[in-house]
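Peer 1: Below is the structure I would like to discuss, written out as structure tokens.
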Amino acid sequence: MTAATATTADTFRPALHYAARNTWLNDPNGLIFHDGVYHLYYQNNPLDNVWGNMSWGHATSPDLLTWTEHPVAIACDDDEDIFSGSIVFDRDNTSGFGTDSAPPLVAVYTSAFKPGSGHQGIQAQSLAYSLDGGYTWTKHTANPVLNRGSAEFRDPKVISYDGDAGSYWVMVAVEATDFQVVLYKSYDLKNWEPLSTFGPANATGGVWECPDLFSLPVDGDPNNLQWVLTVNLNPGGPNNGSAGQYFVGDFDGTTFTSATTVTEGPQDPERLGEYQWLDWGRDYYAAVSFSDVPDNRRLMIAWMNNWEYANHIPTSPWRSPMTLAREISLHTIGGKPRLTQKAAGNFRSLSAPAGTFSLEDSEISDGIHILEGAAGRVQRIDIALTTGSAREFGLIVRGDGDHGTRIGIRPAEGALIVDRRDSGQTGFHEAFASVDTAPIRTADGSYELTIYVDHCSVEVFAQDGLVTMTELIFPAPGNTDLAVYASGGTATVNSLRVTQYA
Ligand code: FRU
């Protein structure tokens with residue numbers, strides 16, 4: 001394919017999300033804010049747009065919305081694939097890879113050892129370092145630095161712990177098929193000693209991957225910190241396939257104790273809805289947070305895809321976008337600690353919005369009503385709706401009057417839905433066409449949603465970001481209509497504001 005044809009056909013390339021120029025990506029890796037720039041590394045196949053040849057790709061952004069792709073940061077070789085991991089700024093040069101005046105960035109990644117490597121079939125943790133702010137990397141000569149002789153030990157996230165127990169590096173990683181997070185401690189990133197394990201707990205319908213551990217103030221109170229342990233699992237999510245769950249509790253420097261565990265041991269499918277999910281949609285996986293973001297903000301990015309059909313989505317020449325970066329907060333909701341999320345990118349840095357549309361206090365009668373003047377491909381939609389007699393009501397995005405993606409409320413079920421059965425291309429995999437649901441509560445029959453629509457995705461934030469749903473869609477480029485709909489009765493739009501970005 002020539003570059004010209006690739007560009008013409010590349011109708012799904014996102015405007016607000018990162019995707020590699022012409023290659024495959026999966027998990028975000030090594031997220032760090034350093035020298036005024038957000039660094040996004042990621043699982044990348046530098047040679048193709050399906051999974052393989054796993055290496056760390058690299059992109060940077062000043063605003064979390066516009067990204068610049070750089071050469072591959074850490075490449076696979078004959079001995080190892082470079083699986084997921086994290087990066088820390090080793091400001092005291094504890095590793096000795098830099099100097100006191102020029103401390104290094106240190107990447108901690110999983111070596112997935114290949115046949116003939118001497119560690120065939122093993123996954124173990126290895127180091128690489130950068131002395132130029134993250135653009136070029138050198139593998140440590142004494143890799144791996146942490147080897148349990150396991151075939152399923154991966155995805156190290158290293159944090160700098162500074163608490164009652166002392167100051168040291170803490171690694172969370174997984175024994176994926178044991179549904180366990182394993183915690184280690186180090187003073188120099190090279191020598192690691194075991195601390196504790198966590199799990200199995202709550203969702204265990206698939207392997208545990210890509211954990212993270214961080215503290216957050218509860219309800220904004222810096223004197224009341226709680227710890228959050230996030231764990232992605234595949235499959236076993238609330239709407240099938242890949243998803244991320246979280247636990248809230250305490251970390252004393254050795255052990256994470258969860259206050260939100262519902263079930264221990266093997267998963268009870270009946271109770272999936274009681275677990276805490278980072279996102280209820282089909283395309284939010286391998287979420288991890290940035291290190292060193294100013295003002296103690298906790299920002300996360302996930303891979304916007306699902307292993308059920310990841311290698312088949314109809315994008316070209318690239319495959320798989322990342323989600324928007326999201327700011328995560330911890331709030332007491334119904335007496336329980338819960339995460340809420342909102343988009344974190346600096347939208348003000350984008351060129352002026354291409355237009356806005358608004359509507360107030362308007363009844364939706366039974367049927368589909370296209371909103372003249374609200375059409376667009378890339379939009380932020382803020383809508384407040386109130387229940388009437390309709391059994392389902394909401395918005396149809398990227399539509400043409402008959403077809404489109406429905407984002408709606410089913411009040412009797414207490415459900416937020418994303419229905420992508422008629423969203424555009426769906427036939428590339430039997431698991432893709434779906435109606436996905438998330439629980440949504442209301443005290444007075446009204447609902448507020450913020451939705452980001454891009455060329456191949458919708459991200460829905462409901463209930464002030466307590467419930468989010470992220471889904472890929474592949475609409476025809478000509479399908480730009482925005483409509484409201486009600487089925488089997490009426491509903492009301494209290495307010496609607498649409499901001500067009502492209
Ligand atoms: C999660 C994952 C990780 C692994 C990486 C390999 O999507 O399976 O556990 O490190 O992808 O690409």
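Ordering of the structure tokens sets the chain letters (A, B, ...), residue numbers begin anew at 1 in every chain, and ligands are numbered from 1 in the order given.
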Within 6 Å of ligand 1, which residues show up when you count only C-alpha atoms and all ligand atoms? List them as number ranges by chain, please.

Peer 2: A: 27, 43, 83-84, 154-155, 209-210, 286

Peer 1: Output C-alpha atoms of each residue in that selection to a file, as a PDB file, in the first residue's frame.

Peer 2:
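File produced: result-v1.pdb:
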ATOM      1  CA  ASP A  27      -0.590  -1.696  26.827  1.00  0.00           C
ATOM      2  CA  GLN A  43       3.705  -2.354  23.767  1.00  0.00           C
ATOM      3  CA  PHE A  83       6.708  -6.936  27.772  1.00  0.00           C
ATOM      4  CA  SER A  84       4.945  -4.339  29.912  1.00  0.00           C
ATOM      5  CA  ARG A 154       5.065  -9.902  34.552  1.00  0.00           C
ATOM      6  CA  ASP A 155       4.082  -6.225  34.289  1.00  0.00           C
ATOM      7  CA  GLU A 209      -2.173  -8.351  34.402  1.00  0.00           C
ATOM      8  CA  CYS A 210      -0.743  -4.825  34.664  1.00  0.00           C
ATOM      9  CA  ALA A 286      -4.083  -2.455  30.851  1.00  0.00           C
TER      10      ALA A 286
END

Peer 1: Each residue of segment 237-259 of chain A with at least one atom at most 7 Å from segment 273-277 of chain A should appear once, together with its nearest atom pair and the corresponding distance in Å (one decimal); atoms considered: only C-alpha atoms; ordering: chain, then increasing residue number; output as JSON lines.

Peer 2:
{"residue": "A:Pro238", "atom": "CA", "partner": "A:Gly273", "partner_atom": "CA", "distance": 6.8}
{"residue": "A:Gly244", "atom": "CA", "partner": "A:Trp277", "partner_atom": "CA", "distance": 5.8}
{"residue": "A:Gln245", "atom": "CA", "partner": "A:Trp277", "partner_atom": "CA", "distance": 4.3}
{"residue": "A:Tyr246", "atom": "CA", "partner": "A:Gln276", "partner_atom": "CA", "distance": 5.6}

Peer 1: For the strand (DSSP E or B) assignment from backbone DSSP, which residues of segment 196-352 of chain A qualify? Please present them as number ranges by chain.

Peer 2: A: 196-198, 201, 207-218, 221-234, 243-251, 256-258, 264, 277, 285-289, 291, 299-303, 319, 321-322, 326-333, 336-343

Peer 1: Sort by chain and increasing residue number a table of all residues of segment 40-147 of chain A within 12 Å of segment 191-206 of chain A, each with its closest pair of atoms and their distance in Å to one decimal, counting only C-alpha atoms, and write it as JSON lines.

Peer 2:
{"residue": "A:Thr94", "atom": "CA", "partner": "A:Asn191", "partner_atom": "CA", "distance": 11.1}
{"residue": "A:Ser95", "atom": "CA", "partner": "A:Asn191", "partner_atom": "CA", "distance": 9.7}
{"residue": "A:Gln125", "atom": "CA", "partner": "A:Trp192", "partner_atom": "CA", "distance": 10.2}
{"residue": "A:Ser126", "atom": "CA", "partner": "A:Asn191", "partner_atom": "CA", "distance": 11.1}
{"residue": "A:Leu127", "atom": "CA", "partner": "A:Asn191", "partner_atom": "CA", "distance": 11.3}
{"residue": "A:Ala142", "atom": "CA", "partner": "A:Asn191", "partner_atom": "CA", "distance": 11.1}
{"residue": "A:Asn143", "atom": "CA", "partner": "A:Asn191", "partner_atom": "CA", "distance": 11.2}
{"residue": "A:Pro144", "atom": "CA", "partner": "A:Asn191", "partner_atom": "CA", "distance": 10.5}
{"residue": "A:Val145", "atom": "CA", "partner": "A:Asn191", "partner_atom": "CA", "distance": 6.7}
{"residue": "A:Leu146", "atom": "CA", "partner": "A:Trp192", "partner_atom": "CA", "distance": 6.7}
{"residue": "A:Asn147", "atom": "CA", "partner": "A:Trp192", "partner_atom": "CA", "distance": 9.8}

Peer 1: Find the spatial neighbours of Ile383 of chain A, counting only C-alpha atoms, within a cut-off of 6 Å - ignore same-chain residues fewer than 5 positions away - and output them as a PyMOL selection string.

Peer 2: chain A and resi 448-449+495-496

Peer 1: Export N, CA, C and O atoms of the chosen residues as a compact mmCIF listing (two decimals), in the first residue's frame?

Peer 2:
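In the end it all went to out-v1.txt:
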# COMPACT_ATOMS: atom_id res chain seq x y z
N GLU A 448 -26.71 12.82 34.22
CA GLU A 448 -25.79 13.70 33.51
C GLU A 448 -24.68 12.87 32.90
O GLU A 448 -24.06 12.05 33.59
N LEU A 449 -24.43 13.09 31.62
CA LEU A 449 -23.38 12.35 30.93
C LEU A 449 -22.44 13.33 30.24
O LEU A 449 -22.88 14.34 29.69
N SER A 495 -30.55 19.85 29.45
CA SER A 495 -29.56 20.70 28.79
C SER A 495 -28.65 19.82 27.95
O SER A 495 -28.43 18.64 28.27
N LEU A 496 -28.17 20.41 26.89
CA LEU A 496 -27.26 19.69 25.98
C LEU A 496 -26.30 20.71 25.43
O LEU A 496 -26.70 21.79 24.98

Peer 1: Would you work out the distance separating atom CA of Glu430 of chain A from atom CA of Leu472 of chain A, expressed in Å to one decimal?

Peer 2: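 One can read the atom CA of Glu430 of chain A to atom CA of Leu472 of chain A distance as 14.5 Å.
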
Peer 1: Could you state the separation of atom CA of Pro337 of chain A and atom CA of Ile451 of chain A in Å, given to one decimal place?

Peer 2: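 Spanning atom CA of Pro337 of chain A to atom CA of Ile451 of chain A is a straight-line distance of 24.2 Å.
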